[in-house]
$ cat structure-v2.cif   # mmCIF, C-alpha atoms and all ligand atoms
data_protein
#
loop_
_atom_site.group_PDB
_atom_site.id
_atom_site.type_symbol
_atom_site.label_atom_id
_atom_site.label_comp_id
_atom_site.auth_asym_id
_atom_site.auth_seq_id
_atom_site.Cartn_x
_atom_site.Cartn_y
_atom_site.Cartn_z
ATOM 1 C CA MET A 1 -58.767 -5.084 0.046
ATOM 2 C CA GLU A 2 -57.562 -6.980 -3.004
ATOM 3 C CA ARG A 3 -58.013 -10.702 -3.433
ATOM 4 C CA PHE A 4 -55.877 -12.998 -5.503
ATOM 5 C CA THR A 5 -55.446 -16.713 -6.000
ATOM 6 C CA VAL A 6 -52.055 -18.400 -5.593
ATOM 7 C CA SER A 7 -51.177 -21.875 -6.838
ATOM 8 C CA LEU A 8 -48.594 -23.858 -4.853
ATOM 9 C CA GLU A 9 -46.990 -27.239 -5.420
ATOM 10 C CA ASP A 10 -48.356 -29.807 -2.942
ATOM 11 C CA GLU A 11 -45.097 -30.005 -1.015
ATOM 12 C CA LEU A 12 -44.783 -26.237 -0.655
ATOM 13 C CA ALA A 13 -48.449 -25.976 0.373
ATOM 14 C CA GLU A 14 -47.903 -28.634 3.048
ATOM 15 C CA GLU A 15 -44.830 -26.856 4.397
ATOM 16 C CA PHE A 16 -46.759 -23.598 4.444
ATOM 17 C CA GLU A 17 -49.669 -25.173 6.348
ATOM 18 C CA SER A 18 -47.277 -26.542 8.946
ATOM 19 C CA PHE A 19 -45.559 -23.113 9.189
ATOM 20 C CA ILE A 20 -48.970 -21.493 9.806
ATOM 21 C CA ALA A 21 -49.759 -24.007 12.548
ATOM 22 C CA ARG A 22 -46.343 -23.606 14.236
ATOM 23 C CA LYS A 23 -46.521 -19.820 14.204
ATOM 24 C CA GLY A 24 -50.129 -19.755 15.364
ATOM 25 C CA TYR A 25 -51.615 -17.809 12.468
ATOM 26 C CA LYS A 26 -55.418 -17.826 12.388
ATOM 27 C CA ASN A 27 -55.504 -18.157 8.605
ATOM 28 C CA ARG A 28 -53.398 -18.201 5.446
ATOM 29 C CA SER A 29 -54.125 -14.588 4.564
ATOM 30 C CA GLU A 30 -52.596 -13.256 7.776
ATOM 31 C CA ALA A 31 -49.488 -15.402 7.291
ATOM 32 C CA ILE A 32 -49.094 -14.290 3.662
ATOM 33 C CA ARG A 33 -49.547 -10.613 4.627
ATOM 34 C CA ASP A 34 -46.764 -10.908 7.237
ATOM 35 C CA LEU A 35 -44.425 -12.661 4.812
ATOM 36 C CA ILE A 36 -45.016 -9.991 2.157
ATOM 37 C CA ARG A 37 -44.553 -7.143 4.663
ATOM 38 C CA GLY A 38 -41.311 -8.685 5.904
ATOM 39 C CA LYS A 39 -39.947 -9.063 2.404
ATOM 40 C CA LEU A 40 -40.979 -5.532 1.390
ATOM 41 C CA ASN A 41 -39.366 -4.077 4.522
ATOM 42 C CA GLN A 42 -36.158 -5.935 3.782
ATOM 43 C CA GLU A 43 -36.262 -4.757 0.179
ATOM 44 C CA ARG A 44 -36.804 -1.147 1.294
ATOM 45 C CA VAL A 45 -33.880 -1.340 3.703
ATOM 46 C CA GLU A 46 -31.642 -2.637 0.918
ATOM 47 C CA THR A 47 -32.755 -0.339 -1.903
ATOM 48 C CA GLU A 48 -33.438 2.982 -0.168
ATOM 49 C CA PRO A 49 -30.178 3.944 1.541
ATOM 50 C CA ASP A 50 -31.502 7.349 2.638
ATOM 51 C CA SER A 51 -34.510 5.853 4.376
ATOM 52 C CA GLU A 52 -35.011 6.232 8.113
ATOM 53 C CA SER A 53 -35.466 3.177 10.276
ATOM 54 C CA VAL A 54 -35.848 2.117 13.850
ATOM 55 C CA GLY A 55 -33.833 -0.878 14.894
ATOM 56 C CA CYS A 56 -33.562 -3.157 17.853
ATOM 57 C CA LEU A 57 -30.146 -4.718 18.266
ATOM 58 C CA SER A 58 -29.714 -7.513 20.781
ATOM 59 C CA TYR A 59 -26.549 -9.342 21.705
ATOM 60 C CA VAL A 60 -24.968 -11.380 24.446
ATOM 61 C CA TYR A 61 -21.416 -10.754 25.548
ATOM 62 C CA ASP A 62 -18.881 -12.007 28.033
ATOM 63 C CA HIS A 63 -18.100 -9.138 30.375
ATOM 64 C CA HIS A 64 -14.766 -10.741 31.321
ATOM 65 C CA GLU A 65 -13.610 -10.316 27.726
ATOM 66 C CA ARG A 66 -10.715 -7.908 27.847
ATOM 67 C CA ASP A 67 -11.830 -4.293 27.445
ATOM 68 C CA LEU A 68 -15.085 -5.270 25.731
ATOM 69 C CA ALA A 69 -17.535 -3.451 28.044
ATOM 70 C CA ARG A 70 -15.532 -0.233 27.596
ATOM 71 C CA ARG A 71 -15.344 -0.680 23.819
ATOM 72 C CA LEU A 72 -19.107 -1.181 23.652
ATOM 73 C CA THR A 73 -19.747 1.891 25.769
ATOM 74 C CA ASP A 74 -17.397 3.903 23.526
ATOM 75 C CA GLN A 75 -19.374 2.700 20.528
ATOM 76 C CA HIS A 76 -22.624 3.916 22.088
ATOM 77 C CA HIS A 77 -21.216 7.317 23.033
ATOM 78 C CA GLY A 78 -19.685 7.679 19.583
ATOM 79 C CA HIS A 79 -23.154 7.212 18.082
ATOM 80 C CA HIS A 80 -25.292 8.868 20.756
ATOM 81 C CA ASP A 81 -27.416 10.421 17.987
ATOM 82 C CA ILE A 82 -28.797 7.030 16.923
ATOM 83 C CA SER A 83 -28.391 4.942 20.072
ATOM 84 C CA LEU A 84 -31.557 5.882 21.988
ATOM 85 C CA SER A 85 -31.695 3.469 24.864
ATOM 86 C CA THR A 86 -30.061 0.290 26.149
ATOM 87 C CA LEU A 87 -31.450 -2.417 28.376
ATOM 88 C CA HIS A 88 -28.754 -4.367 30.199
ATOM 89 C CA VAL A 89 -29.409 -7.715 31.878
ATOM 90 C CA HIS A 90 -26.751 -9.598 33.878
ATOM 91 C CA LEU A 91 -27.578 -13.142 32.714
ATOM 92 C CA ASN A 92 -25.141 -14.968 34.975
ATOM 93 C CA HIS A 93 -21.597 -14.594 36.378
ATOM 94 C CA ASP A 94 -20.073 -14.209 32.927
ATOM 95 C CA ARG A 95 -22.639 -13.104 30.445
ATOM 96 C CA CYS A 96 -24.663 -9.985 29.819
ATOM 97 C CA LEU A 97 -27.531 -9.386 27.426
ATOM 98 C CA GLU A 98 -28.061 -5.945 25.933
ATOM 99 C CA SER A 99 -30.947 -4.725 23.780
ATOM 100 C CA VAL A 100 -30.436 -1.374 22.104
ATOM 101 C CA VAL A 101 -33.064 0.782 20.408
ATOM 102 C CA LEU A 102 -31.612 2.641 17.426
ATOM 103 C CA LYS A 103 -33.187 5.298 15.217
ATOM 104 C CA GLY A 104 -31.717 7.068 12.211
ATOM 105 C CA LYS A 105 -30.544 6.534 8.656
ATOM 106 C CA THR A 106 -30.846 2.884 7.743
ATOM 107 C CA PRO A 107 -27.163 2.428 6.750
ATOM 108 C CA ASP A 108 -26.010 4.112 9.994
ATOM 109 C CA ILE A 109 -28.058 1.669 12.028
ATOM 110 C CA GLN A 110 -26.702 -1.256 10.028
ATOM 111 C CA ALA A 111 -23.124 0.021 10.447
ATOM 112 C CA PHE A 112 -23.588 0.477 14.195
ATOM 113 C CA ALA A 113 -24.968 -3.066 14.513
ATOM 114 C CA ASP A 114 -22.154 -4.516 12.403
ATOM 115 C CA GLY A 115 -19.596 -2.661 14.563
ATOM 116 C CA VAL A 116 -21.039 -4.150 17.764
ATOM 117 C CA ILE A 117 -21.680 -7.674 16.482
ATOM 118 C CA SER A 118 -18.165 -8.007 15.045
ATOM 119 C CA GLN A 119 -16.439 -7.179 18.373
ATOM 120 C CA PRO A 120 -14.560 -10.170 19.778
ATOM 121 C CA GLY A 121 -16.579 -11.537 22.709
ATOM 122 C CA VAL A 122 -19.980 -10.451 21.345
ATOM 123 C CA LEU A 123 -22.200 -13.478 20.736
ATOM 124 C CA HIS A 124 -25.605 -14.019 19.184
ATOM 125 C CA GLY A 125 -25.935 -10.505 17.777
ATOM 126 C CA ARG A 126 -29.093 -9.841 15.817
ATOM 127 C CA LEU A 127 -30.574 -6.654 14.375
ATOM 128 C CA PHE A 128 -34.283 -6.211 13.748
ATOM 129 C CA MET A 129 -35.071 -3.215 11.579
ATOM 130 C CA VAL A 130 -38.348 -1.548 10.620
ATOM 131 C CA PRO A 131 -38.567 1.289 8.072
ATOM 132 C CA MET A 132 -40.100 4.530 9.405
ATOM 133 C CA LYS A 133 -41.807 5.155 6.079
ATOM 134 C CA GLU A 134 -45.589 4.787 6.170
ATOM 135 C CA GLU A 135 -46.832 1.630 4.468
HETATM 136 NI NI NI B 201 -23.982 -7.325 33.062
#

$ encode --input "structure-v2.cif" --output "structure tokens"
Amino acid sequence: MERFTVSLEDELAEEFESFIARKGYKNRSEAIRDLIRGKLNQERVETEPDSESVGCLSYVYDHHERDLARRLTDQHHGHHDISLSTLHVHLNHDRCLESVVLKGKTPDIQAFADGVISQPGVLHGRLFMVPMKEE
């Protein structure tokens, strides 16, 4: 394990301490490690287009929205090679929540997520992606 010293302006240090407390980190090192990992993962996703990733895409949609449920199902069948599994929850009379596990080429996962999130009637779409490459 490597050790290094970081200097922070007082204001940034204060914000960081409050971030650590809010997130429940036991110490600064663990928080810094997570921040670095997150940034490196994001960087890898952006700079290595052939990389493989697993993704979890979650979104809420209004199932009364004209044709939307069928369009979403079409999307999943059209990409059955990367769409591994879907959890569907009927939130209330109108809204459904779906969480989809995706696995494949990073840009394919991103494109699938963009295609779902941009559908009219899909709300609060968010993709979480993790590179398959060993760290
Ligand atoms: Ni439903």

$ atom_distance --input "structure-v2.cif" --atom1 "atom CA of Ala21 of chain A" --atom2 "atom CA of Arg33 of chain A"
15.6 Å

$ resolve_selection --input "structure-v2.cif" --expression "the PyMOL selection byres (((chain A and resi 51-67) around 7) and not hetatm)" --output "MDAnalysis selection string"
chainID A and resid 48:50 68:71 94:106 109 113 121:132

$ write_last_selection --input "structure-v2.cif" --atoms "C-alpha atoms" --output "short mmCIF file (atom, residue, chain, number, x, y, z; two decimals), in the frame of the given file"
data_model
loop_
_atom_site.label_atom_id
_atom_site.label_comp_id
_atom_site.auth_asym_id
_atom_site.auth_seq_id
_atom_site.Cartn_x
_atom_site.Cartn_y
_atom_site.Cartn_z
CA GLU A 48 -33.44 2.98 -0.17
CA PRO A 49 -30.18 3.94 1.54
CA ASP A 50 -31.50 7.35 2.64
CA LEU A 68 -15.08 -5.27 25.73
CA ALA A 69 -17.54 -3.45 28.04
CA ARG A 70 -15.53 -0.23 27.60
CA ARG A 71 -15.34 -0.68 23.82
CA ASP A 94 -20.07 -14.21 32.93
CA ARG A 95 -22.64 -13.10 30.44
CA CYS A 96 -24.66 -9.98 29.82
CA LEU A 97 -27.53 -9.39 27.43
CA GLU A 98 -28.06 -5.94 25.93
CA SER A 99 -30.95 -4.72 23.78
CA VAL A 100 -30.44 -1.37 22.10
CA VAL A 101 -33.06 0.78 20.41
CA LEU A 102 -31.61 2.64 17.43
CA LYS A 103 -33.19 5.30 15.22
CA GLY A 104 -31.72 7.07 12.21
CA LYS A 105 -30.54 6.53 8.66
CA THR A 106 -30.85 2.88 7.74
CA ILE A 109 -28.06 1.67 12.03
CA ALA A 113 -24.97 -3.07 14.51
CA GLY A 121 -16.58 -11.54 22.71
CA VAL A 122 -19.98 -10.45 21.34
CA LEU A 123 -22.20 -13.48 20.74
CA HIS A 124 -25.60 -14.02 19.18
CA GLY A 125 -25.94 -10.50 17.78
CA ARG A 126 -29.09 -9.84 15.82
CA LEU A 127 -30.57 -6.65 14.38
CA PHE A 128 -34.28 -6.21 13.75
CA MET A 129 -35.07 -3.22 11.58
CA VAL A 130 -38.35 -1.55 10.62
CA PRO A 131 -38.57 1.29 8.07
CA MET A 132 -40.10 4.53 9.40
#

$ atom_distance --input "structure-v2.cif" --atom1 "atom CA of Lys133 of chain A" --atom2 "atom CA of Ser83 of chain A"
19.4 Å

$ atom_distance --input "structure-v2.cif" --atom1 "atom CA of Gln119 of chain A" --atom2 "atom CA of Pro107 of chain A"
18.5 Å

$ axis_aligned_box --input "structure-v2.cif" --around "segment 87-90 of chain A" --padding-each-side "3 Å" --output "AutoDock Vina command-line options"
--center_x -29.1 --center_y -6.0 --center_z 31.1 --size_x 10.7 --size_y 13.2 --size_z 11.5

$ closest_residue --input "structure-v2.cif" --among "A:Leu8, A:Leu87, A:Ile117, A:Ile82" --to "ligand NI 201 (chain B)" --atoms "all atoms listed in the file"
A:Leu87

$ closest_residue --input "structure-v2.cif" --among "A:Arg3, A:His88, A:His77, A:His93" --to "Ile32 of chain A" --atoms "only C-alpha atoms"
A:Arg3

$ resolve_selection --input "structure-v2.cif" --expression "the PyMOL selection byres (((chain A and resi 13-16) around 12) and not hetatm)" --output "ChimeraX atom specification"
/A:6-12,17-23,25,27-29,31-32,35

$ closest_residue --input "structure-v2.cif" --among "A:Leu72, A:Gly78, A:Leu91, A:Glu30" --to "ligand NI 201 (chain B)" --atoms "all atoms listed in the file"
A:Leu91

$ closest_residue --input "structure-v2.cif" --among "A:Glu43, A:Asp108, A:Asp81, A:Thr86" --to "ligand NI 201 (chain B)" --atoms "all atoms listed in the file"
A:Thr86
